There are 4 protein chains.
Amino acid sequence: MKKDQVKDCKDVILSMELIAENLNEVIKVLDREAIISMLQEILEGERVFVMGAGRSGLVAKAFAMRLMHLGFTVYVVGETTTPAVRQQDVVIAISGSGETRSIADLGKIVKDIGSTLITVTSKKESTLGRISDIAMILPSKTKNDHDAGGYLEKNMRGDYKNLPPLGTAFEITSLVFLDSIIAQLITLTGASEAELKSRHTNIE
Amino acid sequence: MKKDQVKDCKDVILSMELIAENLNEVIKVLDREAIISMLQEILEGERVFVMGAGRSGLVAKAFAMRLMHLGFTVYVVGETTTPAVRQQDVVIAISGSGETRSIADLGKIVKDIGSTLITVTSKKESTLGRISDIAMILPSKTKNDHDAGGYLEKNMRGDYKNLPPLGTAFEITSLVFLDSIIAQLITLTGASEAELKSRHTNIE
Amino acid sequence: MKKDQVKDCKDVILSMELIAENLNEVIKVLDREAIISMLQEILEGERVFVMGAGRSGLVAKAFAMRLMHLGFTVYVVGETTTPAVRQQDVVIAISGSGETRSIADLGKIVKDIGSTLITVTSKKESTLGRISDIAMILPSKTKNDHDAGGYLEKNMRGDYKNLPPLGTAFEITSLVFLDSIIAQLITLTGASEAELKSRHTNIE
Amino acid sequence: MKKDQVKDCKDVILSMELIAENLNEVIKVLDREAIISMLQEILEGERVFVMGAGRSGLVAKAFAMRLMHLGFTVYVVGETTTPAVRQQDVVIAISGSGETRSIADLGKIVKDIGSTLITVTSKKESTLGRISDIAMILPSKTKNDHDAGGYLEKNMRGDYKNLPPLGTAFEITSLVFLDSIIAQLITLTGASEAELKSRHTNIE
């Protein structure tokens, strides 16, 4: 590309404005009861496991880091020393479409083990949405089926058709939502320091 | 924690609203010239390298995935097969404080090699801000020095004091900003398909 | 465990001796023609992709690092910026049982794309062994079916029954074998520096 | 490279034989007392942390996976949810030269925290060798200083001079050694099932 070909940055600004606007619309329609249940389950679970594929997997890791900072025993599915899931654990899946194959397959195993499964998704009527104890819906204005099927398979085939704009809204919204879950967990765990002190030992 | 201890989800909603509000304020004060230069450098660079520590590293990976989808040759510093940086490459560092030790050290090496260094940060007056060819400032209302020093060192010491609310705003803003850079790159590379066709081969 | 409970280290020494002995036995029965074909395919492929689950995945990464050092364009399946596989590429799978589900599924896609598939395995008569262009057999004295099925699924269920001694021999043998492939590639690429010079640019 | 350019695979076979031979020589000179102390410390530590850069980091991960299978609480330094190190923990560093900068820096912090530091290295007289509670020496016939300095820095500069043959012997020997540590830990933890039962819960 030649020098000085970029004349302006209008698309960057417009895209940021649309994302902020979308965020404000999502806030209005969030299911408050589902959020309360999600907070409760995270606090009651013995350990927390997070999982997601591709960019949703990065959002899952960003959430897991914060939970670890807060003193929770938390694992990312697929990392080196992640132990087996047990019945008392809570597993949180991040999947925009609710159909990401590898994550949906693992979700079924989680339900088979008897653990609590929470899915953060934009589609209630999806494989993960239907089998989850809590389907935390972050609605997305656009059709969001790009991550259905195996993520690695689609990656291997180079199947990125229309990927950029579609998934982005969900990924950002889920990061903002999960960081806000952290904000309330700070208040909640601070308020019951005695009960959660073993989890807090790393924050000193 | 006992059953039914969570009474509401006010903090979750409030936190989401604050993040959306902060995002809108950041949009107003962005340096348009810096954005245009950043787009130009990404298009002109032979290859793109991204780097960041902790959650900023996850944002860097999320950006790298999208660049790869667009057909750019892109690498994450620290991954298994990331090759050596060369003079014609562009290196993009993500660091809220601009002082993250490992990233600042690598930034100096990048300048030593003679490559273009772009830092996305909230602090212009910082180690990385000062040595970068482009310091892309995403201002943050709060003091944001939590990731100065070695990330792994702070992690090892359990030094998470005040971590949650401070870094969060920067990390979300940088993800939104970089996804919006992608939005304009879609337009730009689409408009010059002939020139960039070798990069595009995976998007068919 | 109480102080001074460990009286000796006989098992450590015995285990190391057994591994060295097993290695010497494997060397004797290696298919020389398959090795030559494998070297040829790696040199002819446009790019090299490696894949494996669990500890076999770590062996794949260790091999990929060395190929990158040698100047090859090489990617680890599943990492952030790994692009789509194309027909002219070579894909190398590492799977002791040849049945690791996720890797076998990806192997089928590789054949579907039309790329060259090489599997390093201990079982010729296995899903991956049968569909591969080259099945590089590293025989293992023990029944080695522990990594059949989905690795993440078995990990999630805590299904580590008899894991330690069984897979170990294969993983070590495959690391030794692949590092020895590197040894000959150093000679081979050095001998044809002119032809491979673009790949070599990072080794200066 | 042209078709049929590879005439034989003598270097592959020779390299495998040399590695097996080197392994047998290392076994003869291992410090038995150091091995016994290492086993004891791993059993007594509250949690185990492993660390290493580049290929030594992959060996560290392979060891960590097996410890997790055995029921130990184990973490890889640098992974998403690795918590802070505490005094009662054991930290195991893998570094051929004993000088890998990032690992040596973290080793000093480990000693500062007061945890037990074990280094698996080929050089007793090295930064890590000197500060460790146990320096587990795996001697290497060749000069092995290639991983001194910052791994990511050398990677960024493309400084792979003489990398392949030198580090390989140490990496393979350390993998074989650590897998043999696992073999004895299986016996040891099986022998004291009652004491270690909480660690064993995942192996059922």
# chains A, B, ... in the order shown; residues from 1 in each chain; ligands from 1
>>> interface_residues(of="chain A", to="chain D", cutoff="6 Å", atoms="only C-alpha atoms", output="ChimeraX atom specification")
/A:65,68,80-81
>>> write_last_selection(atoms="all heavy atoms", output="PDB file, in the first residue's frame")
ATOM      1  N   MET A  65      -8.590 -14.679  34.965  1.00  0.00           N
ATOM      2  CA  MET A  65      -7.497 -13.967  35.648  1.00  0.00           C
ATOM      3  C   MET A  65      -8.028 -13.125  36.793  1.00  0.00           C
ATOM      4  O   MET A  65      -7.473 -13.122  37.888  1.00  0.00           O
ATOM      5  CB  MET A  65      -6.787 -13.034  34.654  1.00  0.00           C
ATOM      6  CG  MET A  65      -5.575 -13.656  34.016  1.00  0.00           C
ATOM      7  SD  MET A  65      -4.658 -12.380  33.086  1.00  0.00           S
ATOM      8  CE  MET A  65      -3.970 -13.446  31.823  1.00  0.00           C
ATOM      9  N   MET A  68      -9.131 -15.215  39.738  1.00  0.00           N
ATOM     10  CA  MET A  68      -7.938 -15.653  40.480  1.00  0.00           C
ATOM     11  C   MET A  68      -7.438 -14.526  41.376  1.00  0.00           C
ATOM     12  O   MET A  68      -7.134 -14.746  42.552  1.00  0.00           O
ATOM     13  CB  MET A  68      -6.872 -16.105  39.479  1.00  0.00           C
ATOM     14  CG  MET A  68      -5.613 -16.663  40.101  1.00  0.00           C
ATOM     15  SD  MET A  68      -4.338 -15.379  40.358  1.00  0.00           S
ATOM     16  CE  MET A  68      -3.808 -15.090  38.652  1.00  0.00           C
ATOM     17  N   THR A  80      -2.519 -26.357  30.833  1.00  0.00           N
ATOM     18  CA  THR A  80      -1.662 -27.481  31.196  1.00  0.00           C
ATOM     19  C   THR A  80      -2.110 -28.264  32.438  1.00  0.00           C
ATOM     20  O   THR A  80      -2.150 -29.485  32.419  1.00  0.00           O
ATOM     21  CB  THR A  80      -0.216 -26.987  31.430  1.00  0.00           C
ATOM     22  OG1 THR A  80       0.153 -26.168  30.341  1.00  0.00           O
ATOM     23  CG2 THR A  80       0.738 -28.160  31.537  1.00  0.00           C
ATOM     24  N   THR A  81      -2.414 -27.566  33.518  1.00  0.00           N
ATOM     25  CA  THR A  81      -2.633 -28.282  34.775  1.00  0.00           C
ATOM     26  C   THR A  81      -4.082 -28.202  35.257  1.00  0.00           C
ATOM     27  O   THR A  81      -4.359 -28.374  36.437  1.00  0.00           O
ATOM     28  CB  THR A  81      -1.700 -27.729  35.873  1.00  0.00           C
ATOM     29  OG1 THR A  81      -1.969 -26.331  36.036  1.00  0.00           O
ATOM     30  CG2 THR A  81      -0.247 -27.932  35.488  1.00  0.00           C
TER      31      THR A  81
END
>>> residues_around(residues="range 90-97 of chain A", least_positions_apart="5", cutoff="9 Å", atoms="only C-alpha atoms", output="PyMOL selection string")
chain A and resi 41-42+44-53+56-57+59-60+85+103-104+107+110+115-123+126-128+138+140+143-148+167+170-171+174
>>> residues_around(residues="Val12 in chain A", least_positions_apart="5", cutoff="9 Å", atoms="only C-alpha atoms", output="PyMOL selection string")
(chain A and resi 17) or (chain B and resi 35+177-185)
>>> residues_around(residues="Glu25 in chain D", least_positions_apart="2", cutoff="12 Å", atoms="only C-alpha atoms", output="list of chain:residue names")
C:Met16, C:Glu17, C:Ala20, D:Leu18, D:Ile19, D:Ala20, D:Glu21, D:Asn22, D:Leu23, D:Ile27, D:Lys28, D:Val29, D:Leu30, D:Leu138, D:Pro139, D:Ser140, D:Lys141, D:Ala169, D:Thr173
>>> write_last_selection(atoms="N, CA, C and O atoms", output="CSV table (one decimal), in the first residue's frame")
chain,number,residue,atom,x,y,z
C,16,MET,N,14.8,-44.4,34.1
C,16,MET,CA,15.6,-43.7,33.1
C,16,MET,C,16.3,-44.8,32.3
C,16,MET,O,16.4,-44.7,31.0
C,17,GLU,N,16.8,-45.9,32.9
C,17,GLU,CA,17.4,-47.0,32.2
C,17,GLU,C,16.5,-47.6,31.2
C,17,GLU,O,16.8,-47.9,30.1
C,20,ALA,N,16.0,-45.4,28.1
C,20,ALA,CA,17.1,-45.4,27.2
C,20,ALA,C,17.1,-46.7,26.5
C,20,ALA,O,17.4,-46.7,25.3
D,18,LEU,N,23.1,-41.1,19.4
D,18,LEU,CA,23.9,-40.3,20.2
D,18,LEU,C,23.1,-39.8,21.4
D,18,LEU,O,23.6,-39.7,22.5
D,19,ILE,N,21.8,-39.5,21.2
D,19,ILE,CA,21.0,-39.1,22.3
D,19,ILE,C,20.8,-40.2,23.3
D,19,ILE,O,20.9,-40.0,24.5
D,20,ALA,N,20.6,-41.4,22.8
D,20,ALA,CA,20.4,-42.6,23.8
D,20,ALA,C,21.7,-42.8,24.5
D,20,ALA,O,21.7,-43.1,25.7
D,21,GLU,N,22.9,-42.7,23.8
D,21,GLU,CA,24.2,-42.9,24.5
D,21,GLU,C,24.4,-41.8,25.6
D,21,GLU,O,24.8,-42.1,26.7
D,22,ASN,N,24.1,-40.6,25.2
D,22,ASN,CA,24.3,-39.5,26.2
D,22,ASN,C,23.4,-39.7,27.4
D,22,ASN,O,23.8,-39.4,28.5
D,23,LEU,N,22.2,-40.2,27.2
D,23,LEU,CA,21.3,-40.5,28.3
D,23,LEU,C,21.9,-41.5,29.2
D,23,LEU,O,21.9,-41.3,30.5
D,27,ILE,N,22.9,-40.9,33.3
D,27,ILE,CA,22.4,-41.8,34.4
D,27,ILE,C,23.5,-42.2,35.4
D,27,ILE,O,23.3,-42.1,36.6
D,28,LYS,N,24.6,-42.5,34.8
D,28,LYS,CA,25.7,-42.9,35.7
D,28,LYS,C,26.2,-41.9,36.7
D,28,LYS,O,26.7,-42.2,37.8
D,29,VAL,N,26.1,-40.6,36.3
D,29,VAL,CA,26.7,-39.6,37.1
D,29,VAL,C,25.7,-38.7,37.9
D,29,VAL,O,26.1,-37.7,38.5
D,30,LEU,N,24.5,-39.1,37.9
D,30,LEU,CA,23.5,-38.4,38.7
D,30,LEU,C,23.7,-38.4,40.2
D,30,LEU,O,24.1,-39.4,40.7
D,138,LEU,N,22.0,-32.2,35.4
D,138,LEU,CA,22.0,-33.2,34.4
D,138,LEU,C,23.1,-32.8,33.4
D,138,LEU,O,23.0,-31.9,32.6
D,139,PRO,N,24.3,-33.3,33.6
D,139,PRO,CA,25.5,-32.8,32.8
D,139,PRO,C,25.3,-33.0,31.3
D,139,PRO,O,24.6,-33.9,30.9
D,140,SER,N,25.9,-32.1,30.6
D,140,SER,CA,25.8,-32.1,29.2
D,140,SER,C,27.2,-32.0,28.6
D,140,SER,O,28.0,-31.1,29.1
D,141,LYS,N,27.6,-32.8,27.7
D,141,LYS,CA,28.9,-32.8,27.2
D,141,LYS,C,29.3,-31.6,26.5
D,141,LYS,O,30.5,-31.2,26.4
D,169,ALA,N,20.2,-32.0,23.8
D,169,ALA,CA,20.6,-33.0,24.8
D,169,ALA,C,20.0,-32.7,26.2
D,169,ALA,O,19.4,-33.6,26.8
D,173,THR,N,17.1,-35.0,28.1
D,173,THR,CA,17.5,-35.6,29.3
D,173,THR,C,16.6,-35.1,30.5
D,173,THR,O,16.3,-35.9,31.3
>>> select_by_dssp(residues="range 24-201 of chain B", states="strand (DSSP E)", output="ChimeraX atom specification")
/B:48-52,74-76,90-94,116-121,134-137
>>> closest_residue(among="C:Glu153, C:Gln87, C:Leu188, C:Thr100", to="Asp8 in chain D", atoms="only C-alpha atoms")
C:Leu188
>>> select_by_dssp(residues="range 65-126 of chain D", states="alpha helix (DSSP H)", output="ChimeraX atom specification")
/D:65-69,101-113
>>> atom_distance(atom1="CA of Val6 in chain D", atom2="CA of Gln40 in chain C")
6.1 Å
